[in-house]
file final.json (JSON, C-alpha atoms)
[["chain", "number", "residue", "atom", "x", "y", "z"],
["A", 1462, "MET", "CA", 107.51, 123.22, 76.92],
["A", 1463, "THR", "CA", 103.91, 121.98, 77.20],
["A", 1464, "LYS", "CA", 102.86, 121.14, 80.73],
["A", 1465, "ILE", "CA", 101.34, 117.73, 81.40],
["A", 1466, "LYS", "CA", 98.71, 117.18, 84.10],
["A", 1467, "ILE", "CA", 97.76, 113.82, 85.59],
["A", 1468, "VAL", "CA", 94.19, 112.75, 86.31],
["A", 1469, "THR", "CA", 92.87, 109.62, 88.01],
["A", 1470, "ASP", "CA", 89.62, 108.45, 89.58],
["A", 1471, "SER", "CA", 88.71, 107.97, 93.22],
["A", 1472, "SER", "CA", 89.12, 104.19, 93.13],
["A", 1473, "THR", "CA", 92.86, 104.88, 93.08],
["A", 1474, "THR", "CA", 93.83, 104.67, 96.74],
["A", 1475, "ILE", "CA", 96.44, 107.34, 97.36],
["A", 1476, "GLU", "CA", 97.62, 109.49, 100.25],
["A", 1477, "PRO", "CA", 96.13, 113.03, 100.20],
["A", 1478, "SER", "CA", 99.61, 114.42, 100.82],
["A", 1479, "LEU", "CA", 100.86, 112.82, 97.59],
["A", 1480, "VAL", "CA", 97.87, 114.15, 95.66],
["A", 1481, "GLU", "CA", 98.69, 117.67, 96.80],
["A", 1482, "GLU", "CA", 102.47, 117.35, 96.41],
["A", 1483, "LEU", "CA", 102.24, 116.01, 92.86],
["A", 1484, "GLY", "CA", 99.29, 118.08, 91.66],
["A", 1485, "ILE", "CA", 97.13, 115.06, 90.81],
["A", 1486, "THR", "CA", 93.48, 115.64, 89.92],
["A", 1487, "ILE", "CA", 91.01, 113.04, 91.20],
["A", 1488, "VAL", "CA", 87.60, 112.66, 89.55],
["A", 1489, "PRO", "CA", 85.18, 111.10, 92.06],
["A", 1490, "LEU", "CA", 83.00, 108.09, 91.45],
["A", 1491, "SER", "CA", 79.74, 107.94, 93.37],
["A", 1492, "VAL", "CA", 77.73, 105.39, 95.28],
["A", 1493, "MET", "CA", 74.00, 105.22, 96.00],
["A", 1494, "ILE", "CA", 72.91, 103.87, 99.37],
["A", 1495, "ASP", "CA", 69.18, 103.31, 99.87],
["A", 1496, "GLY", "CA", 68.35, 106.00, 97.34],
["A", 1497, "VAL", "CA", 70.87, 108.58, 98.56],
["A", 1498, "VAL", "CA", 73.84, 109.38, 96.31],
["A", 1499, "TYR", "CA", 77.24, 110.02, 97.91],
["A", 1500, "SER", "CA", 80.30, 111.26, 96.09],
["A", 1501, "ASP", "CA", 83.60, 109.63, 96.96],
["A", 1502, "ALA", "CA", 84.94, 113.15, 97.41],
["A", 1503, "ASP", "CA", 82.61, 113.75, 100.37],
["A", 1504, "LEU", "CA", 83.04, 110.47, 102.27],
["A", 1505, "THR", "CA", 85.45, 110.48, 105.22],
["A", 1506, "GLU", "CA", 87.47, 107.46, 106.40],
["A", 1507, "GLY", "CA", 85.23, 104.77, 107.84],
["A", 1508, "GLN", "CA", 82.02, 106.63, 106.93],
["A", 1509, "PHE", "CA", 81.11, 104.53, 103.91],
["A", 1510, "LEU", "CA", 81.56, 101.24, 105.75],
["A", 1511, "GLN", "CA", 79.20, 102.40, 108.50],
["A", 1512, "LEU", "CA", 76.64, 103.47, 105.89],
["A", 1513, "MET", "CA", 76.96, 100.10, 104.14],
["A", 1514, "ARG", "CA", 76.46, 98.22, 107.41],
["A", 1515, "GLU", "CA", 73.24, 100.12, 108.07],
["A", 1516, "ALA", "CA", 71.93, 99.93, 104.50],
["A", 1517, "LYS", "CA", 68.90, 97.82, 103.59],
["A", 1518, "ASN", "CA", 70.38, 97.01, 100.18],
["A", 1519, "LEU", "CA", 73.84, 96.66, 98.69],
["A", 1520, "PRO", "CA", 75.11, 100.10, 97.58],
["A", 1521, "LYS", "CA", 75.12, 100.78, 93.85],
["A", 1522, "THR", "CA", 78.23, 102.31, 92.35],
["A", 1523, "SER", "CA", 78.44, 104.55, 89.31],
["A", 1524, "GLN", "CA", 81.18, 106.09, 87.22],
["A", 1525, "PRO", "CA", 81.60, 109.86, 86.91],
["A", 1526, "PRO", "CA", 79.32, 111.48, 84.32],
["A", 1527, "VAL", "CA", 80.77, 112.15, 80.87],
["A", 1528, "GLY", "CA", 80.07, 115.84, 81.40],
["A", 1529, "LEU", "CA", 82.12, 115.94, 84.59],
["A", 1530, "PHE", "CA", 85.15, 114.52, 82.79],
["A", 1531, "ALA", "CA", 84.66, 117.06, 80.00],
["A", 1532, "GLU", "CA", 84.55, 119.91, 82.54],
["A", 1533, "VAL", "CA", 87.63, 118.69, 84.40],
["A", 1534, "PHE", "CA", 89.64, 118.23, 81.21],
["A", 1535, "SER", "CA", 88.60, 121.61, 79.84],
["A", 1536, "GLU", "CA", 89.53, 123.40, 83.05],
["A", 1537, "LEU", "CA", 92.93, 121.70, 83.31],
["A", 1538, "ALA", "CA", 93.76, 122.50, 79.68],
["A", 1539, "LYS", "CA", 92.97, 126.22, 79.91],
["A", 1540, "ASP", "CA", 96.69, 126.99, 80.18],
["A", 1541, "GLY", "CA", 97.49, 124.78, 77.17],
["A", 1542, "SER", "CA", 98.39, 121.70, 79.20],
["A", 1543, "GLN", "CA", 98.18, 118.16, 77.89],
["A", 1544, "ILE", "CA", 96.38, 115.64, 80.09],
["A", 1545, "ILE", "CA", 97.05, 112.00, 80.89],
["A", 1546, "ALA", "CA", 94.18, 110.21, 82.67],
["A", 1547, "ILE", "CA", 95.05, 106.87, 84.32],
["A", 1548, "LEU", "CA", 91.88, 105.06, 85.38],
["A", 1549, "LEU", "CA", 90.61, 101.81, 86.86],
["A", 1550, "SER", "CA", 90.23, 98.68, 84.75],
["A", 1551, "HIS", "CA", 87.40, 98.73, 82.24],
["A", 1552, "ALA", "CA", 86.34, 95.32, 83.63],
["A", 1553, "LEU", "CA", 85.37, 96.93, 86.94],
["A", 1554, "SER", "CA", 83.64, 100.09, 85.78],
["A", 1555, "GLY", "CA", 82.56, 102.16, 82.80],
["A", 1556, "THR", "CA", 84.73, 105.03, 84.06],
["A", 1557, "ILE", "CA", 87.31, 104.76, 81.32],
["A", 1558, "GLU", "CA", 84.68, 104.93, 78.57],
["A", 1559, "ALA", "CA", 83.10, 107.96, 80.25],
["A", 1560, "ALA", "CA", 86.53, 109.59, 80.32],
["A", 1561, "ARG", "CA", 87.10, 108.92, 76.63],
["A", 1562, "GLN", "CA", 83.74, 110.43, 75.75],
["A", 1563, "GLY", "CA", 84.48, 113.37, 78.04],
["A", 1564, "ALA", "CA", 87.83, 113.88, 76.33],
["A", 1565, "THR", "CA", 86.13, 113.99, 72.94],
["A", 1566, "LEU", "CA", 83.55, 116.47, 74.20],
["A", 1567, "SER", "CA", 86.19, 118.72, 75.74],
["A", 1568, "GLY", "CA", 88.18, 118.92, 72.51],
["A", 1569, "VAL", "CA", 91.48, 119.14, 74.40],
["A", 1570, "ASP", "CA", 94.60, 116.95, 74.29],
["A", 1571, "VAL", "CA", 93.74, 114.04, 76.60],
["A", 1572, "THR", "CA", 95.36, 110.61, 76.64],
["A", 1573, "VAL", "CA", 93.23, 108.07, 78.52],
["A", 1574, "LEU", "CA", 95.08, 105.03, 79.86],
["A", 1575, "ASP", "CA", 93.54, 101.87, 81.33],
["A", 1576, "SER", "CA", 95.61, 101.01, 84.41],
["A", 1577, "THR", "CA", 94.25, 97.41, 84.17],
["A", 1578, "PHE", "CA", 94.13, 97.62, 87.99],
["A", 1579, "THR", "CA", 92.60, 99.74, 90.73],
["A", 1580, "ASP", "CA", 93.47, 100.85, 94.27],
["A", 1581, "GLN", "CA", 97.19, 101.25, 95.07],
["A", 1582, "ALA", "CA", 98.17, 99.19, 92.04],
["A", 1583, "ALA", "CA", 96.83, 102.07, 89.97],
["A", 1584, "LYS", "CA", 98.50, 104.51, 92.37],
["A", 1585, "PHE", "CA", 101.94, 103.21, 91.37],
["A", 1586, "GLN", "CA", 101.26, 104.28, 87.78],
["A", 1587, "VAL", "CA", 99.67, 107.60, 88.71],
["A", 1588, "VAL", "CA", 102.51, 108.62, 91.04],
["A", 1589, "GLU", "CA", 105.17, 107.65, 88.50],
["A", 1590, "ALA", "CA", 103.39, 109.70, 85.83],
["A", 1591, "ALA", "CA", 102.96, 112.72, 88.11],
["A", 1592, "ARG", "CA", 106.59, 112.72, 89.21],
["A", 1593, "LEU", "CA", 107.78, 112.53, 85.63],
["A", 1594, "ALA", "CA", 105.36, 115.29, 84.63],
["A", 1595, "GLN", "CA", 106.78, 117.54, 87.34],
["A", 1596, "ALA", "CA", 110.28, 116.74, 86.09],
["A", 1597, "GLY", "CA", 109.34, 117.89, 82.58],
["A", 1598, "ALA", "CA", 109.14, 114.53, 80.82],
["A", 1599, "SER", "CA", 107.31, 114.31, 77.51],
["A", 1600, "LYS", "CA", 103.93, 112.65, 77.06],
["A", 1601, "GLU", "CA", 105.56, 109.74, 75.25],
["A", 1602, "GLU", "CA", 108.12, 109.26, 78.02],
["A", 1603, "ILE", "CA", 105.42, 109.28, 80.69],
["A", 1604, "ILE", "CA", 103.24, 106.78, 78.83],
["A", 1605, "ALA", "CA", 106.20, 104.43, 78.35],
["A", 1606, "ALA", "CA", 107.08, 104.67, 82.05],
["A", 1607, "VAL", "CA", 103.48, 104.00, 83.09],
["A", 1608, "GLU", "CA", 103.37, 100.92, 80.88],
["A", 1609, "ALA", "CA", 106.62, 99.68, 82.43],
["A", 1610, "VAL", "CA", 105.26, 100.12, 85.95],
["A", 1611, "ARG", "CA", 102.03, 98.36, 84.99],
["A", 1612, "ALA", "CA", 103.94, 95.37, 83.63],
["A", 1613, "LYS", "CA", 105.81, 94.99, 86.93],
["A", 1614, "THR", "CA", 102.80, 95.29, 89.23],
["A", 1615, "GLU", "CA", 100.65, 92.60, 90.82],
["A", 1616, "LEU", "CA", 97.47, 92.80, 92.89],
["A", 1617, "PHE", "CA", 96.21, 90.20, 95.34],
["A", 1618, "ILE", "CA", 92.98, 90.66, 97.26],
["A", 1619, "GLY", "CA", 91.58, 88.65, 100.15],
["A", 1620, "VAL", "CA", 87.85, 88.65, 100.93],
["A", 1621, "SER", "CA", 86.15, 87.25, 104.01],
["A", 1622, "THR", "CA", 82.74, 86.93, 102.38],
["A", 1623, "LEU", "CA", 81.53, 86.48, 98.81],
["A", 1624, "GLU", "CA", 78.14, 88.01, 99.59],
["A", 1625, "ASN", "CA", 78.91, 91.44, 98.13],
["A", 1626, "LEU", "CA", 80.52, 90.01, 95.02],
["A", 1627, "VAL", "CA", 77.45, 87.84, 94.45],
["A", 1628, "LYS", "CA", 74.93, 90.63, 95.03],
["A", 1629, "GLY", "CA", 76.93, 93.07, 92.94],
["A", 1630, "GLY", "CA", 77.05, 90.73, 89.98],
["A", 1631, "ARG", "CA", 80.85, 90.49, 90.05],
["A", 1632, "ILE", "CA", 80.94, 86.81, 90.98],
["A", 1633, "GLY", "CA", 80.60, 85.84, 87.32],
["A", 1634, "ARG", "CA", 83.96, 87.48, 86.72],
["A", 1635, "VAL", "CA", 85.59, 85.38, 89.41],
["A", 1636, "GLN", "CA", 86.04, 82.05, 87.72],
["A", 1637, "GLY", "CA", 86.03, 78.89, 89.77],
["A", 1638, "LEU", "CA", 84.07, 80.10, 92.80],
["A", 1639, "LEU", "CA", 80.82, 78.68, 94.08],
["A", 1640, "SER", "CA", 78.49, 81.53, 94.90],
["A", 1641, "SER", "CA", 76.73, 79.46, 97.56],
["A", 1642, "LEU", "CA", 79.85, 79.33, 99.73],
["A", 1643, "LEU", "CA", 79.47, 82.77, 101.24],
["A", 1644, "ASN", "CA", 81.47, 82.15, 104.41],
["A", 1645, "ILE", "CA", 84.77, 81.04, 102.90],
["A", 1646, "ARG", "CA", 87.95, 83.09, 102.73],
["A", 1647, "VAL", "CA", 89.18, 83.64, 99.20],
["A", 1648, "ILE", "CA", 92.39, 85.18, 97.85],
["A", 1649, "MET", "CA", 92.27, 86.35, 94.25],
["A", 1650, "GLU", "CA", 94.79, 87.81, 91.83],
["A", 1651, "MET", "CA", 93.77, 90.54, 89.43],
["A", 1652, "LYS", "CA", 95.52, 89.97, 86.14],
["A", 1653, "ASP", "CA", 94.59, 91.05, 82.61],
["A", 1654, "HIS", "CA", 91.44, 92.73, 84.01],
["A", 1655, "HIS", "CA", 90.17, 89.51, 85.59],
["A", 1656, "LEU", "CA", 89.95, 88.24, 89.17],
["A", 1657, "THR", "CA", 91.20, 84.67, 89.48],
["A", 1658, "PRO", "CA", 91.05, 82.73, 92.78],
["A", 1659, "VAL", "CA", 94.41, 81.41, 93.98],
["A", 1660, "VAL", "CA", 93.42, 80.17, 97.45],
["A", 1661, "LYS", "CA", 90.14, 79.13, 99.08],
["A", 1662, "GLY", "CA", 89.59, 78.04, 102.66],
["A", 1663, "ARG", "CA", 87.92, 78.70, 105.98],
["A", 1664, "GLY", "CA", 89.17, 80.94, 108.75],
["A", 1665, "MET", "CA", 92.04, 83.42, 109.07],
["A", 1666, "LYS", "CA", 94.54, 80.59, 108.77],
["A", 1667, "THR", "CA", 93.81, 80.62, 105.03],
["A", 1668, "PHE", "CA", 95.10, 84.18, 104.76],
["A", 1669, "LYS", "CA", 98.05, 83.70, 107.13],
["A", 1670, "LYS", "CA", 99.33, 80.54, 105.44],
["A", 1671, "TRP", "CA", 99.25, 82.24, 102.04],
["A", 1672, "LEU", "CA", 101.01, 85.32, 103.44],
["A", 1673, "VAL", "CA", 103.96, 83.21, 104.61],
["A", 1674, "GLU", "CA", 104.27, 81.71, 101.14],
["A", 1675, "TYR", "CA", 103.94, 85.11, 99.46],
["A", 1676, "LYS", "CA", 106.67, 86.57, 101.65],
["A", 1677, "GLN", "CA", 108.99, 83.72, 100.64],
["A", 1678, "LYS", "CA", 108.25, 84.48, 97.00],
["A", 1679, "LEU", "CA", 108.99, 88.19, 97.40],
["A", 1680, "ALA", "CA", 112.21, 87.51, 99.29],
["A", 1681, "ASN", "CA", 113.71, 86.11, 96.08],
["A", 1682, "GLN", "CA", 112.74, 89.03, 93.85],
["A", 1683, "PRO", "CA", 113.71, 92.73, 93.61],
["A", 1684, "VAL", "CA", 110.70, 94.53, 95.12],
["A", 1685, "ALA", "CA", 110.47, 98.28, 94.57],
["A", 1686, "GLU", "CA", 107.30, 99.10, 96.47],
["A", 1687, "ILE", "CA", 104.45, 97.52, 98.42],
["A", 1688, "GLY", "CA", 101.05, 98.95, 99.35],
["A", 1689, "ILE", "CA", 98.41, 97.42, 101.58],
["A", 1690, "SER", "CA", 94.75, 98.39, 101.48],
["A", 1691, "TYR", "CA", 91.84, 97.28, 103.63],
["A", 1692, "SER", "CA", 88.10, 97.46, 104.21],
["A", 1693, "GLY", "CA", 86.86, 97.41, 107.79],
["A", 1694, "SER", "CA", 89.44, 96.77, 110.49],
["A", 1695, "ALA", "CA", 93.08, 97.53, 109.68],
["A", 1696, "THR", "CA", 94.34, 94.85, 112.10],
["A", 1697, "PHE", "CA", 95.27, 92.21, 109.55],
["A", 1698, "ALA", "CA", 96.57, 94.86, 107.14],
["A", 1699, "GLN", "CA", 99.00, 95.97, 109.85],
["A", 1700, "GLU", "CA", 100.03, 92.33, 110.40],
["A", 1701, "ILE", "CA", 100.80, 92.08, 106.69],
["A", 1702, "LYS", "CA", 102.91, 95.24, 106.90],
["A", 1703, "GLN", "CA", 104.92, 93.80, 109.78],
["A", 1704, "GLU", "CA", 105.56, 90.64, 107.77],
["A", 1705, "LEU", "CA", 106.62, 92.40, 104.55],
["A", 1706, "GLN", "CA", 108.25, 95.68, 105.65],
["A", 1707, "SER", "CA", 111.75, 94.17, 105.76],
["A", 1708, "LEU", "CA", 111.54, 93.41, 102.03],
["A", 1709, "VAL", "CA", 111.43, 97.07, 100.93],
["A", 1710, "SER", "CA", 113.39, 100.17, 101.91],
["A", 1711, "GLN", "CA", 110.49, 102.62, 101.90],
["A", 1712, "ASP", "CA", 107.62, 102.56, 104.35],
["A", 1713, "ILE", "CA", 104.69, 100.38, 103.29],
["A", 1714, "SER", "CA", 101.53, 102.46, 103.08],
["A", 1715, "VAL", "CA", 98.44, 101.00, 104.77],
["A", 1716, "LEU", "CA", 95.32, 102.75, 103.47],
["A", 1717, "GLU", "CA", 91.56, 102.27, 103.65],
["A", 1718, "THR", "CA", 90.29, 101.51, 100.16],
["A", 1719, "GLY", "CA", 87.50, 103.60, 98.66],
["A", 1720, "SER", "CA", 83.75, 103.04, 98.65],
["A", 1721, "ILE", "CA", 83.73, 101.57, 95.13],
["A", 1722, "ILE", "CA", 86.04, 98.71, 96.07],
["A", 1723, "GLN", "CA", 84.47, 98.21, 99.51],
["A", 1724, "THR", "CA", 81.05, 97.81, 97.91],
["A", 1725, "HIS", "CA", 82.26, 94.74, 96.04],
["A", 1726, "THR", "CA", 84.66, 93.23, 98.58],
["A", 1727, "GLY", "CA", 82.55, 93.68, 101.70],
["A", 1728, "GLU", "CA", 83.98, 94.13, 105.17],
["A", 1729, "ASP", "CA", 87.27, 92.65, 106.40],
["A", 1730, "ALA", "CA", 88.87, 92.53, 102.97],
["A", 1731, "TRP", "CA", 92.48, 93.42, 102.23],
["A", 1732, "ALA", "CA", 94.79, 93.79, 99.27],
["A", 1733, "ILE", "CA", 98.53, 93.59, 98.71],
["A", 1734, "LEU", "CA", 99.83, 95.66, 95.82],
["A", 1735, "THR", "CA", 103.41, 94.96, 94.79],
["A", 1736, "ARG", "CA", 105.63, 96.73, 92.27],
["A", 1737, "TYR", "CA", 108.83, 95.04, 91.19],
["A", 1738, "GLU", "CA", 111.98, 96.83, 90.09]]
call {"tool": "encode", "arguments": {"input": "final.json", "output": "structure tokens"}}
result
Amino acid sequence: MTKIKIVTDSSTTIEPSLVEELGITIVPLSVMIDGVVYSDADLTEGQFLQLMREAKNLPKTSQPPVGLFAEVFSELAKDGSQIIAILLSHALSGTIEAARQGATLSGVDVTVLDSTFTDQAAKFQVVEAARLAQAGASKEEIIAAVEAVRAKTELFIGVSTLENLVKGGRIGRVQGLLSSLLNIRVIMEMKDHHLTPVVKGRGMKTFKKWLVEYKQKLANQPVAEIGISYSGSATFAQEIKQELQSLVSQDISVLETGSIIQTHTGEDAWAILTRYE
């Protein structure tokens, strides 16, 4: 039976223990801060945010080089394994195109899948694929399962400032927002590769009011899993966990999101990632 190995990129927020347990390979994206390039693989928790605070200019993110993907794929396939790479939405980065080119260069059996998400929403797909791969599922079975998970996942993100989105050129992808209103709180949903605002307001009450309504919505649906990610302080992320934990049987993971996402969301952002049964 041909072994299948799972690859993702570092924008997928996932516990290191799960990466090791499931044999997942993570290809790092990189970020340039005032002329210095940092790999996601080398940044420790909280380090990037401190660097961003001290930076003169907004960090610039970049996808992994085509050659790096080719090297990773070639190395993983040395034992004859097939590879499934599940990567962040093409609307957020050129990573998926770099992976496709790297797959072609490597000449090995690689299936590149667009998660249509990022962060823990992508993690749901990656973990499902890795568990099935360990259980001996076929490539076709894994792809079908990943697509099913994707269809039952939603991602909401709350930002406390639009400054980073404006400077990073992502504001054009967020329809309906005024770029001059940099001090408003905004909650957006990522759907079909696009960020769409669902709530706008001033102050934390904007987030808290929406959270009450979201909890009521989830209470009437079969929820399989919830993840919470944050940039900056984890205080509100932990509040969200306390509000939603009773809706799911397994512990809700609260994780710091990676440098790529933090660059665009700025400080004091959070995300709720929900997978339905």
call {"tool": "residues_around", "arguments": {"input": "final.json", "residues": "stretch 1549-1561 of chain A", "least_positions_apart": "3", "cutoff": "9 Å", "atoms": "all atoms listed in the file", "output": "ChimeraX atom specification"}}
result
/A:1469-1470,1472-1473,1490,1522-1531,1546,1564-1566,1571-1580,1583,1631,1634,1654-1655
call {"tool": "closest_residue", "arguments": {"input": "final.json", "among": "A:Thr1505, A:Thr1614, A:Tyr1737, A:Gln1706", "to": "A:Pro1683", "atoms": "all atoms listed in the file"}}
result
A:Tyr1737
call {"tool": "atom_distance", "arguments": {"input": "final.json", "atom1": "atom CA of A:Leu1519", "atom2": "atom CA of A:Ser1714"}}
result
28.6 Å
call {"tool": "atom_distance", "arguments": {"input": "final.json", "atom1": "atom CA of A:Ala1732", "atom2": "atom CA of A:Gly1619"}}
result
6.1 Å
call {"tool": "closest_residue", "arguments": {"input": "final.json", "among": "A:Glu1476, A:Glu1515, A:Glu1536, A:Glu1686", "to": "A:Leu1716", "atoms": "all atoms listed in the file"}}
result
A:Glu1476
call {"tool": "closest_residue", "arguments": {"input": "final.json", "among": "A:Gln1723, A:Ser1621, A:Gln1682, A:Gln1543", "to": "A:Gly1662", "atoms": "only C-alpha atoms"}}
result
A:Ser1621
call {"tool": "residues_around", "arguments": {"input": "final.json", "residues": "stretch 1589-1592 of chain A", "least_positions_apart": "4", "cutoff": "7 Å", "atoms": "only C-alpha atoms", "output": "PyMOL selection string"}}
result
chain A and resi 1467+1483+1485+1585+1596+1603+1607
call {"tool": "residues_around", "arguments": {"input": "final.json", "residues": "A:Ser1542", "least_positions_apart": "3", "cutoff": "9 Å", "atoms": "only C-alpha atoms", "output": "list in words"}}
result
Thr1463, Lys1464, Ile1465, Lys1466, Leu1537, Ala1538, Lys1539, Val1569 and Asp1570 of chain A
call {"tool": "write_last_selection", "arguments": {"input": "final.json", "atoms": "C-alpha atoms", "output": "mmCIF file, in the coordinates of the input"}}
result
data_model
loop_
_atom_site.group_PDB
_atom_site.id
_atom_site.type_symbol
_atom_site.label_atom_id
_atom_site.label_comp_id
_atom_site.auth_asym_id
_atom_site.auth_seq_id
_atom_site.Cartn_x
_atom_site.Cartn_y
_atom_site.Cartn_z
ATOM 1 C CA THR A 1463 103.910 121.980 77.200
ATOM 2 C CA LYS A 1464 102.860 121.140 80.730
ATOM 3 C CA ILE A 1465 101.340 117.730 81.400
ATOM 4 C CA LYS A 1466 98.710 117.180 84.100
ATOM 5 C CA LEU A 1537 92.930 121.700 83.310
ATOM 6 C CA ALA A 1538 93.760 122.500 79.680
ATOM 7 C CA LYS A 1539 92.970 126.220 79.910
ATOM 8 C CA VAL A 1569 91.480 119.140 74.400
ATOM 9 C CA ASP A 1570 94.600 116.950 74.290
#
call {"tool": "closest_residue", "arguments": {"input": "final.json", "among": "A:Pro1489, A:Ser1471, A:Tyr1675, A:Val1620", "to": "A:Lys1661", "atoms": "all atoms listed in the file"}}
result
A:Val1620
call {"tool": "closest_residue", "arguments": {"input": "final.json", "among": "A:Lys1600, A:Lys1702, A:Arg1646, A:Lys1521", "to": "A:Ser1690", "atoms": "only C-alpha atoms"}}
result
A:Lys1702
call {"tool": "atom_distance", "arguments": {"input": "final.json", "atom1": "atom CA of A:Phe1668", "atom2": "atom CA of A:Glu1650"}}
result
13.4 Å
call {"tool": "closest_residue", "arguments": {"input": "final.json", "among": "A:Asp1653, A:Asp1501, A:Asp1540, A:Glu1738", "to": "A:Thr1474", "atoms": "all atoms listed in the file"}}
result
A:Asp1501
call {"tool": "residues_around", "arguments": {"input": "final.json", "residues": "A:Lys1676", "least_positions_apart": "4", "cutoff": "7 Å", "atoms": "all atoms listed in the file", "output": "VMD selection string"}}
result
chain A and resid 1672 1680 1705
call {"tool": "build_atoms", "arguments": {"input": "final.json", "residues": "stretch 1688-1701 of chain A", "atoms": "N, CA and C atoms", "output": "short mmCIF file (atom, residue, chain, number, x, y, z; two decimals), in the coordinates of the input"}}
result
data_model
loop_
_atom_site.label_atom_id
_atom_site.label_comp_id
_atom_site.auth_asym_id
_atom_site.auth_seq_id
_atom_site.Cartn_x
_atom_site.Cartn_y
_atom_site.Cartn_z
N GLY A 1688 102.15 98.24 98.71
CA GLY A 1688 101.05 98.95 99.35
C GLY A 1688 100.08 97.93 99.91
N ILE A 1689 99.42 98.29 100.99
CA ILE A 1689 98.41 97.42 101.58
C ILE A 1689 97.14 98.24 101.78
N SER A 1690 96.03 97.71 101.32
CA SER A 1690 94.75 98.39 101.48
C SER A 1690 93.79 97.48 102.22
N TYR A 1691 92.77 98.08 102.82
CA TYR A 1691 91.84 97.28 103.63
C TYR A 1691 90.45 97.88 103.62
N SER A 1692 89.48 97.04 103.98
CA SER A 1692 88.10 97.46 104.21
C SER A 1692 87.70 96.95 105.58
N GLY A 1693 87.20 97.83 106.44
CA GLY A 1693 86.86 97.41 107.79
C GLY A 1693 88.03 97.64 108.73
N SER A 1694 88.33 96.65 109.54
CA SER A 1694 89.44 96.77 110.49
C SER A 1694 90.78 96.71 109.77
N ALA A 1695 91.74 97.52 110.27
CA ALA A 1695 93.08 97.53 109.68
C ALA A 1695 94.01 96.53 110.37
N THR A 1696 93.49 95.73 111.29
CA THR A 1696 94.34 94.85 112.10
C THR A 1696 95.17 93.89 111.26
N PHE A 1697 94.51 93.16 110.35
CA PHE A 1697 95.27 92.21 109.55
C PHE A 1697 96.17 92.92 108.55
N ALA A 1698 95.73 94.07 108.05
CA ALA A 1698 96.57 94.86 107.14
C ALA A 1698 97.88 95.25 107.83
N GLN A 1699 97.79 95.62 109.10
CA GLN A 1699 99.00 95.97 109.85
C GLN A 1699 99.88 94.74 110.08
N GLU A 1700 99.26 93.58 110.27
CA GLU A 1700 100.03 92.33 110.40
C GLU A 1700 100.80 92.06 109.10
N ILE A 1701 100.14 92.28 107.98
CA ILE A 1701 100.80 92.08 106.69
C ILE A 1701 101.99 93.01 106.57
#
